[in-house]
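For reference, start_9.txt (compact mmCIF, C-alpha atoms):
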# COMPACT_ATOMS: atom_id res chain seq x y z
CA MET J 527 9.43 39.15 127.16
CA VAL J 528 11.92 41.90 127.91
CA CYS J 529 11.62 41.11 131.62
CA LEU J 530 12.28 37.42 130.96
CA LEU J 531 15.32 38.19 128.86
CA SER J 532 16.69 40.48 131.50
CA LEU J 533 16.23 37.77 134.14
CA SER J 534 17.98 35.07 132.14
CA SER J 535 21.37 35.85 133.65
CA CYS J 536 20.17 35.47 137.24
CA ILE J 537 17.35 32.88 137.14
CA SER J 538 17.32 29.57 135.35
CA VAL J 539 14.94 26.62 135.40
CA ASN J 540 16.30 23.36 134.00
CA TRP J 541 14.55 20.22 132.91
CA LYS J 542 16.90 17.36 132.11
CA ARG J 543 16.50 13.76 131.08
CA TRP J 544 19.03 10.97 130.79
CA ASN J 545 18.13 7.91 128.79
CA TRP J 546 20.87 5.28 128.79
CA HIS J 547 20.42 1.84 127.27
CA GLU J 548 17.31 -0.34 127.30
CA PRO J 549 15.54 -1.53 130.43
CA VAL J 550 15.09 -5.21 131.18
CA THR J 551 11.40 -5.96 131.59
CA ASP J 552 9.85 -8.45 133.99
CA ALA J 553 8.49 -10.33 130.98
CA GLN J 554 12.02 -10.96 129.76
CA LEU J 555 12.98 -12.42 133.13
CA THR J 556 10.02 -14.77 133.46
CA HIS J 557 11.66 -17.36 131.22
CA LEU J 558 14.87 -17.40 133.26
CA GLU J 559 14.88 -19.92 136.07
CA PRO J 560 17.70 -20.25 138.62
CA GLY J 561 19.10 -23.78 138.63
CA ARG J 562 17.79 -24.50 135.13
CA SER J 563 18.64 -21.63 132.78
CA THR J 564 22.07 -21.66 131.19
CA LEU J 565 24.32 -18.80 130.15
CA ASP J 566 23.15 -19.31 126.55
CA ASP J 567 19.49 -19.06 127.63
CA CYS J 568 20.18 -15.75 129.36
CA LEU J 569 22.23 -14.30 126.52
CA SER J 570 19.48 -15.25 124.07
CA ALA J 571 16.80 -13.65 126.23
CA LEU J 572 18.57 -10.45 127.24
CA GLY J 573 21.39 -9.97 124.75
CA ALA J 574 24.85 -8.85 125.76
CA PRO J 575 25.24 -7.40 129.25
CA ASN J 576 26.85 -4.04 129.98
CA GLU J 577 29.38 -5.52 132.37
CA ILE J 578 30.73 -8.92 133.40
CA ALA J 579 32.66 -9.68 136.54
CA GLU J 580 34.14 -12.74 138.17
CA TYR J 581 31.86 -14.45 140.70
CA HIS J 582 33.03 -17.12 143.15
CA GLY J 583 36.12 -18.08 141.18
CA SER J 584 34.98 -19.52 137.87
CA GLY J 585 31.44 -18.14 137.98
CA ALA J 586 30.26 -14.94 136.33
CA ALA J 587 28.14 -11.94 137.28
CA LEU J 588 26.38 -10.36 134.30
CA THR J 589 25.06 -6.83 134.80
CA TYR J 590 22.42 -5.23 132.60
CA SER J 591 22.00 -1.58 133.52
CA TRP J 592 19.98 1.36 132.27
CA LEU J 593 18.88 4.84 133.27
CA ASN J 594 15.70 6.66 132.37
CA GLN J 595 15.51 9.63 134.67
CA ARG J 596 14.00 13.10 134.50
CA HIS J 597 15.01 15.96 136.70
CA LEU J 598 13.77 19.50 137.33
CA GLY J 599 16.02 22.08 138.95
CA PHE J 600 16.43 25.81 139.28
CA SER J 601 19.01 28.37 140.31
CA ILE J 602 18.80 32.00 141.38
CA SER J 603 21.68 34.40 141.73
CA TYR J 604 21.84 38.12 142.49
CA SER J 605 24.84 40.38 142.49
CA LEU J 606 25.19 42.53 145.60
CA GLY J 607 27.96 44.66 144.23
CA GLN J 608 31.46 44.12 142.94
CA MET J 609 32.63 41.80 145.71
CA SER J 610 29.65 39.65 146.62
CA GLU J 611 26.89 37.57 145.09
CA LEU J 612 23.86 35.82 146.54
CA SER J 613 22.90 32.51 144.94
CA MET J 614 20.63 29.54 145.56
CA ASN J 615 20.57 26.31 143.65
CA TYR J 616 18.15 23.40 143.81
CA ASP J 617 19.52 20.53 141.79
CA ASP J 618 18.44 17.12 142.99
CA HIS J 619 21.01 15.34 140.90
CA ASP J 620 21.12 11.82 142.33
CA ILE J 621 21.44 9.45 139.41
CA ASN J 622 19.96 6.06 140.18
CA ILE J 623 21.00 3.54 137.58
CA GLU J 624 18.70 0.53 137.56
CA ALA J 625 20.07 -2.92 136.90
CA VAL J 626 19.48 -6.62 136.70
CA VAL J 627 22.37 -8.80 137.84
CA LEU J 628 22.54 -12.48 136.88
CA LEU J 629 24.89 -14.66 138.91
CA PHE J 630 26.20 -17.89 137.36
CA ASP J 631 27.94 -20.73 139.14
CA GLU J 632 31.16 -22.33 137.91
CA ASP J 633 29.18 -24.48 135.44
CA LEU J 634 27.65 -21.27 134.08
CA MET J 635 24.21 -22.27 135.32
CA LEU J 636 22.01 -19.39 136.50
CA GLU J 637 22.13 -19.21 140.28
CA VAL J 638 20.47 -15.91 141.25
CA VAL J 639 18.60 -13.05 139.56
CA ARG J 640 18.68 -9.69 141.32
CA ARG J 641 16.90 -6.47 140.35
CA GLY J 642 17.42 -3.04 141.88
CA PHE J 643 19.75 -0.07 141.79
CA LEU J 644 23.21 -0.69 140.41
CA ALA J 645 24.92 1.04 143.32
CA ASP J 646 23.37 -1.48 145.70
CA MET J 647 24.10 -4.61 143.69
CA ALA J 648 27.13 -4.28 141.46
CA PRO J 649 29.96 -6.63 142.39
CA ASN J 650 32.82 -4.75 143.97
CA SER J 651 35.75 -4.18 141.65
CA ARG J 652 38.70 -6.32 142.67
CA ARG J 653 41.62 -8.25 141.29
CA PRO J 654 40.82 -11.60 139.62
CA ALA J 655 41.09 -14.64 141.87
CA SER J 656 44.31 -16.62 141.79
CA LEU J 657 43.95 -19.75 139.64
CA GLU J 658 45.83 -21.81 142.23
CA THR J 659 43.51 -20.86 145.07
CA ASP J 660 40.11 -20.63 143.43
CA ASN J 661 37.40 -23.23 144.00
CA MET M 504 12.98 60.37 107.10
CA GLN M 505 12.14 57.31 109.24
CA THR M 506 11.96 53.84 107.69
CA PRO M 507 8.90 51.92 108.85
CA ILE M 508 9.69 48.64 110.62
CA HIS M 509 7.57 45.77 109.35
CA ARG M 510 5.83 43.63 111.93
CA SER M 511 7.58 40.51 110.65
CA THR M 512 10.98 42.13 111.10
CA LEU M 513 10.03 43.13 114.60
CA LEU M 514 8.87 39.59 115.32
CA VAL M 515 12.17 38.15 114.09
CA LEU M 516 14.10 40.60 116.26
CA VAL M 517 12.05 39.57 119.30
CA LEU M 518 12.34 35.82 118.62
CA LEU M 519 16.01 35.83 117.65
CA PRO M 520 17.30 35.86 121.23
CA LEU M 521 15.13 32.81 121.97
CA LEU M 522 17.02 30.78 119.40
CA SER M 523 20.43 31.87 120.51
CA SER M 524 21.14 28.86 122.73
CA CYS M 525 20.46 25.45 121.34
CA PHE M 526 22.76 22.59 120.48
CA PHE M 527 22.88 19.10 119.07
CA ALA M 528 25.85 16.90 119.90
CA ARG M 529 26.76 13.39 118.83
CA PHE M 530 29.43 11.24 120.47
CA ASN M 531 30.80 7.97 119.11
CA THR M 532 32.89 5.56 121.14
CA ASN M 533 34.80 2.89 119.24
CA GLU M 534 34.04 1.46 115.80
CA PRO M 535 30.63 -0.04 114.89
CA LEU M 536 30.42 -3.82 115.25
CA SER M 537 30.11 -5.90 112.10
CA ARG M 538 27.15 -8.28 112.10
CA PRO M 539 28.54 -10.43 109.24
CA ASP M 540 31.82 -10.87 111.14
CA ILE M 541 29.96 -11.79 114.32
CA ALA M 542 27.91 -14.34 112.39
CA ARG M 543 31.16 -16.12 111.49
CA LEU M 544 31.91 -16.93 115.13
CA GLN M 545 31.32 -20.61 115.87
CA PRO M 546 31.15 -21.77 119.51
CA GLY M 547 33.29 -24.88 119.97
CA THR M 548 35.41 -24.06 116.92
CA THR M 549 36.52 -20.42 116.89
CA THR M 550 39.61 -19.69 118.95
CA ALA M 551 40.47 -16.46 120.74
CA LYS M 552 43.21 -15.84 118.17
CA GLN M 553 40.76 -16.20 115.29
CA ALA M 554 38.22 -13.94 117.04
CA VAL M 555 40.80 -11.21 117.49
CA GLU M 556 41.91 -11.53 113.86
CA LEU M 557 38.27 -11.18 112.81
CA LEU M 558 37.08 -8.42 115.17
CA GLY M 559 40.27 -6.72 116.30
CA ALA M 560 41.36 -6.11 119.86
CA PRO M 561 38.59 -6.20 122.48
CA THR M 562 37.96 -3.15 124.64
CA GLU M 563 38.10 -5.28 127.78
CA VAL M 564 39.18 -8.76 128.83
CA VAL M 565 37.68 -10.17 132.03
CA GLN M 566 39.14 -13.19 133.77
CA LEU M 567 36.50 -15.63 135.04
CA GLY M 568 38.61 -18.20 136.83
CA ARG M 569 40.16 -20.27 134.02
CA ARG M 570 37.77 -18.75 131.52
CA THR M 571 37.99 -15.35 129.91
CA ALA M 572 35.35 -13.01 128.49
CA TYR M 573 36.14 -10.49 125.75
CA ARG M 574 34.08 -7.35 125.43
CA TYR M 575 33.48 -5.39 122.23
CA HIS M 576 31.26 -2.33 122.20
CA TYR M 577 30.28 0.63 120.09
CA THR M 578 28.41 3.41 121.88
CA LEU M 579 26.49 6.27 120.29
CA ALA M 580 25.18 9.24 122.29
CA LYS M 581 22.98 12.08 121.06
CA ASN M 582 22.55 15.16 123.22
CA THR M 583 20.03 17.92 122.72
CA GLY M 584 19.93 21.24 124.54
CA LEU M 585 17.67 24.27 124.29
CA LEU M 586 17.70 27.46 126.33
CA VAL M 587 14.59 29.65 126.03
CA THR M 588 14.97 32.78 128.17
CA ILE M 589 15.19 31.32 131.70
CA PHE M 590 14.13 27.78 130.75
CA GLY M 591 16.76 25.18 129.93
CA LEU M 592 15.95 21.80 128.40
CA TYR M 593 18.52 19.02 128.10
CA ASN M 594 18.29 15.44 126.91
CA GLU M 595 20.93 12.74 126.63
CA ASP M 596 20.22 9.48 124.81
CA VAL M 597 22.88 6.76 124.91
CA ARG M 598 22.70 3.35 123.22
CA SER M 599 25.30 0.77 122.40
CA ASP M 600 26.06 -2.29 120.32
CA ARG M 601 27.73 -4.87 122.54
CA LEU M 602 29.32 -8.25 122.07
CA TRP M 603 30.71 -10.58 124.72
CA LEU M 604 32.74 -13.64 123.83
CA PHE M 605 33.39 -16.38 126.40
CA PHE M 606 36.45 -18.59 126.01
CA ASP M 607 37.38 -21.71 127.97
CA GLU M 608 40.83 -22.41 129.39
CA HIS M 609 41.92 -23.72 125.95
CA GLN M 610 40.93 -20.39 124.38
CA LYS M 611 38.02 -21.96 122.48
CA LEU M 612 34.84 -19.92 122.12
CA THR M 613 32.09 -21.42 124.28
CA HIS M 614 29.35 -18.74 124.34
CA HIS M 615 28.67 -15.36 122.84
CA GLY M 616 25.95 -12.76 123.19
CA ALA M 617 25.28 -9.61 121.18
CA THR M 618 23.02 -6.58 121.45
CA PHE M 619 22.52 -4.04 118.66
CA ALA M 620 20.80 -0.93 119.97
CA SER M 621 22.85 2.01 118.69
CA SER M 622 20.39 2.56 115.82
CA ASN M 623 17.71 3.38 118.43
CA VAL M 624 19.49 6.50 119.65
CA SER M 625 17.74 9.78 118.87
CA TYR M 626 17.80 13.54 119.36
CA SER M 627 14.85 14.34 121.59
CA LEU M 628 13.64 16.60 124.37
CA PRO M 629 12.85 15.61 127.97
CA TRP M 630 9.13 15.02 127.42
CA SER M 631 9.36 12.96 124.25
CA SER M 632 9.40 9.20 124.14
CA VAL M 633 12.39 7.64 122.45
CA ARG M 634 12.79 4.52 120.36
CA GLY M 635 13.97 1.48 122.17
CA ASP M 636 12.16 2.09 125.46
CA ASN M 637 11.28 -1.26 126.98
CA GLU M 638 13.23 -3.11 124.32
CA ARG M 639 16.01 -5.59 124.59
CA PRO M 640 16.87 -8.22 122.05
So that I can check it, write out the structure of this file as structure tokens.
Amino acid sequence: MVCLLSLSSCISVNWKRWNWHEPVTDAQLTHLEPGRSTLDDCLSALGAPNEIAEYHGSGAALTYSWLNQRHLGFSISYSLGQMSELSMNYDDHDINIEAVVLLFDEDLMLEVVRRGFLADMAPNSRRPASLETDN
Amino acid sequence: MQTPIHRSTLLVLVLLPLLSSCFFARFNTNEPLSRPDIARLQPGTTTAKQAVELLGAPTEVVQLGRRTAYRYHYTLAKNTGLLVTIFGLYNEDVRSDRLWLFFDEHQKLTHHGATFASSNVSYSLPWSSVRGDNERP
């Protein structure tokens, strides 16, 4: 015990978990059918999305995202005197937020359902389309 | 004369450093959403002006061509941390209540969707299961 306490300033092992929002299950998506499901159908099945963005002018991209990730890391440091210190850190800290993105056409009819990592799918942030030039 | 140290006192002295680093933190973002107020929204009837009078200013307004979508949300996060000698445990649980209102070009409410999940947030440690896993309304 004394040894462990004396090591606590130079060695640490960390176990972390992030749990953000609720995942969308495959079962929830089975009732949604591109070309047939409406915006109301999707909102009833999945609730309110985390984000909404413009899609092809008057369409909409609804993003449901969540994170349930565990991570184990450690760090070691050792002082070599007053002016130098040796340290090593293993911290695989990539956060992969999962998401389902629903794309709706201008009539707010479901067009596409995508599932994957948010970083790969989220619509790029940009200025809203001009009303004179959309469509 | 020496005072004898009881075993229980010794045990407390040994365990005390183990309890020196733990924390519980709670973070609120925005005000909780009111279910009764949301129930008063009527698609086809409620206007954007009436919605704002009822619910206050939205946290975000998104333009969707000639339509607009208003976002309301209340987020609750509970963080737990524990440091036992060289072992650190950390957990962050975040849930939110969300409401999106869709208005047409005449500022009439056409659709709305709500999620109430903030009550599922909990203080927990990395190995424990938390309420609300695999749930969505």
Could I get the residues of chain J with an atom no further than 6 Å from an atom of chain M, each paired with its nearest atom pair and that distance in Å to one decimal, using all atoms listed in the file, sorted by chain and residue number, as CSV?
residue,atom,partner,partner_atom,distance
J:Leu531,CA,M:Thr588,CA,5.5
J:Ser534,CA,M:Ile589,CA,4.7
J:Ser538,CA,M:Ile589,CA,4.6
J:Val539,CA,M:Phe590,CA,4.9
J:Asn540,CA,M:Gly591,CA,4.5
J:Trp541,CA,M:Leu592,CA,5.0
J:Lys542,CA,M:Tyr593,CA,4.6
J:Arg543,CA,M:Asn594,CA,4.8
J:Trp544,CA,M:Glu595,CA,4.9
J:Asn545,CA,M:Asp596,CA,4.8
J:Trp546,CA,M:Val597,CA,4.6
J:His547,CA,M:Arg598,CA,4.9
J:Glu548,CA,M:Glu638,CA,5.8
J:Pro549,CA,M:Asn637,CA,5.5
J:Leu569,CA,M:Gly616,CA,5.2
J:Leu572,CA,M:Pro640,CA,5.9
J:Gly573,CA,M:Thr618,CA,5.0
J:Ala574,CA,M:Ala617,CA,4.7
J:Glu580,CA,M:Leu567,CA,4.9
J:Gly583,CA,M:Gly568,CA,5.0
J:Ser584,CA,M:Gly568,CA,4.0
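One finds CA of Ser656 (chain J) at 23.9 Å from CA of Val638 (chain J).
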Report task. Would you mind telling me which residue in M:Pro539, M:Thr532, M:Thr548, M:Glu608 lies nearest to Thr562 (chain M) when using only C-alpha atoms? Result -> M:Thr532
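With CA of Asp631 (chain J) on one side and CA of Phe643 (chain J) on the other, the separation reads 22.4 Å.
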**Report entry** Contact residues around Leu612 (chain J) with all atoms listed in the file at 12 Å, ignoring same-chain residues under 2 positions, as a PyMOL selection string
**Finding:** chain J and resi 536-537+601-610+614-615
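Of note, CA of Cys568 (chain J) and CA of Gly642 (chain J) are spaced 18.1 Å apart.
Shortest atom-to-atom contact with His609 (chain M) among M:Leu579, M:Ala551, M:Asn531, M:Ala560: M:Ala551, counting only C-alpha atoms.
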**Report entry** Spatial neighbours of Pro535 (chain M), max dist 7 Å, only C-alpha atoms, sep filter under 2 positions, as a ChimeraX atom specification
**Finding:** /M:533,537,577
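Of the listed residues J:Phe600, J:Thr556, J:Ser563, J:Ala586, the one whose atoms come nearest to Phe630 (chain J) is J:Ala586, with distances taken using all atoms listed in the file.
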Query - Exercise: Leu628 (chain J) partners within 12 Å, only C-alpha atoms, chain neighbours under 4 positions left out, as a ChimeraX atom specification - result: /J:550,555,558-561,563-565,567-569,572,574-581,585-591,634-642,647-649
Report, as AutoDock Vina command-line options, the centre and edge lengths in Å (one decimal) of the axis-aligned box enclosing every listed atom of region 578-594 of chain J, padded by 3 Å on each side.
--center_x 25.9 --center_y -6.4 --center_z 137.7 --size_x 26.4 --size_y 32.2 --size_z 16.9
Place N, CA and C atoms on region 599-629 of chain M and deliver the coordinates as a CSV table (one decimal), in the coordinates of the input.
chain,number,residue,atom,x,y,z
M,599,SER,N,24.1,1.4,122.8
M,599,SER,CA,25.3,0.8,122.4
M,599,SER,C,25.0,-0.6,121.7
M,600,ASP,N,26.0,-0.9,120.9
M,600,ASP,CA,26.1,-2.3,120.3
M,600,ASP,C,27.1,-3.0,121.2
M,601,ARG,N,26.8,-4.2,121.7
M,601,ARG,CA,27.7,-4.9,122.5
M,601,ARG,C,27.9,-6.3,122.1
M,602,LEU,N,29.1,-6.8,122.3
M,602,LEU,CA,29.3,-8.2,122.1
M,602,LEU,C,30.2,-8.8,123.2
M,603,TRP,N,29.8,-9.9,123.8
M,603,TRP,CA,30.7,-10.6,124.7
M,603,TRP,C,31.0,-12.0,124.2
M,604,LEU,N,32.3,-12.3,124.2
M,604,LEU,CA,32.7,-13.6,123.8
M,604,LEU,C,33.3,-14.3,125.0
M,605,PHE,N,32.9,-15.6,125.3
M,605,PHE,CA,33.4,-16.4,126.4
M,605,PHE,C,34.3,-17.5,125.9
M,606,PHE,N,35.5,-17.6,126.4
M,606,PHE,CA,36.4,-18.6,126.0
M,606,PHE,C,36.8,-19.5,127.2
M,607,ASP,N,37.0,-20.8,126.9
M,607,ASP,CA,37.4,-21.7,128.0
M,607,ASP,C,38.9,-21.6,128.2
M,608,GLU,N,39.4,-22.5,129.1
M,608,GLU,CA,40.8,-22.4,129.4
M,608,GLU,C,41.7,-22.8,128.2
M,609,HIS,N,41.1,-23.4,127.2
M,609,HIS,CA,41.9,-23.7,126.0
M,609,HIS,C,41.7,-22.7,124.9
M,610,GLN,N,41.2,-21.5,125.3
M,610,GLN,CA,40.9,-20.4,124.4
M,610,GLN,C,40.0,-20.7,123.2
M,611,LYS,N,39.1,-21.6,123.5
M,611,LYS,CA,38.0,-22.0,122.5
M,611,LYS,C,36.7,-21.2,122.9
M,612,LEU,N,36.1,-20.7,121.9
M,612,LEU,CA,34.8,-19.9,122.1
M,612,LEU,C,33.8,-20.9,122.6
M,613,THR,N,33.2,-20.6,123.7
M,613,THR,CA,32.1,-21.4,124.3
M,613,THR,C,30.7,-20.8,124.2
M,614,HIS,N,30.6,-19.5,124.4
M,614,HIS,CA,29.4,-18.7,124.3
M,614,HIS,C,29.6,-17.4,123.8
M,615,HIS,N,28.6,-16.8,123.2
M,615,HIS,CA,28.7,-15.4,122.8
M,615,HIS,C,27.3,-14.7,122.8
M,616,GLY,N,27.2,-13.5,123.2
M,616,GLY,CA,26.0,-12.8,123.2
M,616,GLY,C,26.1,-11.4,122.6
M,617,ALA,N,25.2,-10.9,121.8
M,617,ALA,CA,25.3,-9.6,121.2
M,617,ALA,C,24.0,-8.8,121.3
M,618,THR,N,24.1,-7.5,121.4
M,618,THR,CA,23.0,-6.6,121.4
M,618,THR,C,23.3,-5.5,120.5
M,619,PHE,N,22.3,-5.1,119.6
M,619,PHE,CA,22.5,-4.0,118.7
M,619,PHE,C,21.4,-3.0,118.9
M,620,ALA,N,21.8,-1.9,119.6
M,620,ALA,CA,20.8,-0.9,120.0
M,620,ALA,C,21.2,0.5,119.6
M,621,SER,N,22.4,0.6,119.0
M,621,SER,CA,22.8,2.0,118.7
M,621,SER,C,22.0,2.7,117.7
M,622,SER,N,21.3,1.9,116.8
M,622,SER,CA,20.4,2.6,115.8
M,622,SER,C,19.1,3.2,116.5
M,623,ASN,N,18.9,2.8,117.7
M,623,ASN,CA,17.7,3.4,118.4
M,623,ASN,C,18.0,4.8,119.0
M,624,VAL,N,19.2,5.2,119.0
M,624,VAL,CA,19.5,6.5,119.6
M,624,VAL,C,18.9,7.6,118.9
M,625,SER,N,18.4,8.7,119.6
M,625,SER,CA,17.7,9.8,118.9
M,625,SER,C,18.0,11.1,119.6
M,626,TYR,N,17.8,12.2,118.8
M,626,TYR,CA,17.8,13.5,119.4
M,626,TYR,C,16.4,13.8,119.8
M,627,SER,N,16.2,14.1,121.1
M,627,SER,CA,14.8,14.3,121.6
M,627,SER,C,14.9,15.3,122.8
M,628,LEU,N,13.7,15.7,123.2
M,628,LEU,CA,13.6,16.6,124.4
M,628,LEU,C,13.1,15.8,125.6
M,629,PRO,N,13.2,16.4,126.8
M,629,PRO,CA,12.8,15.6,128.0
M,629,PRO,C,11.5,15.0,128.0
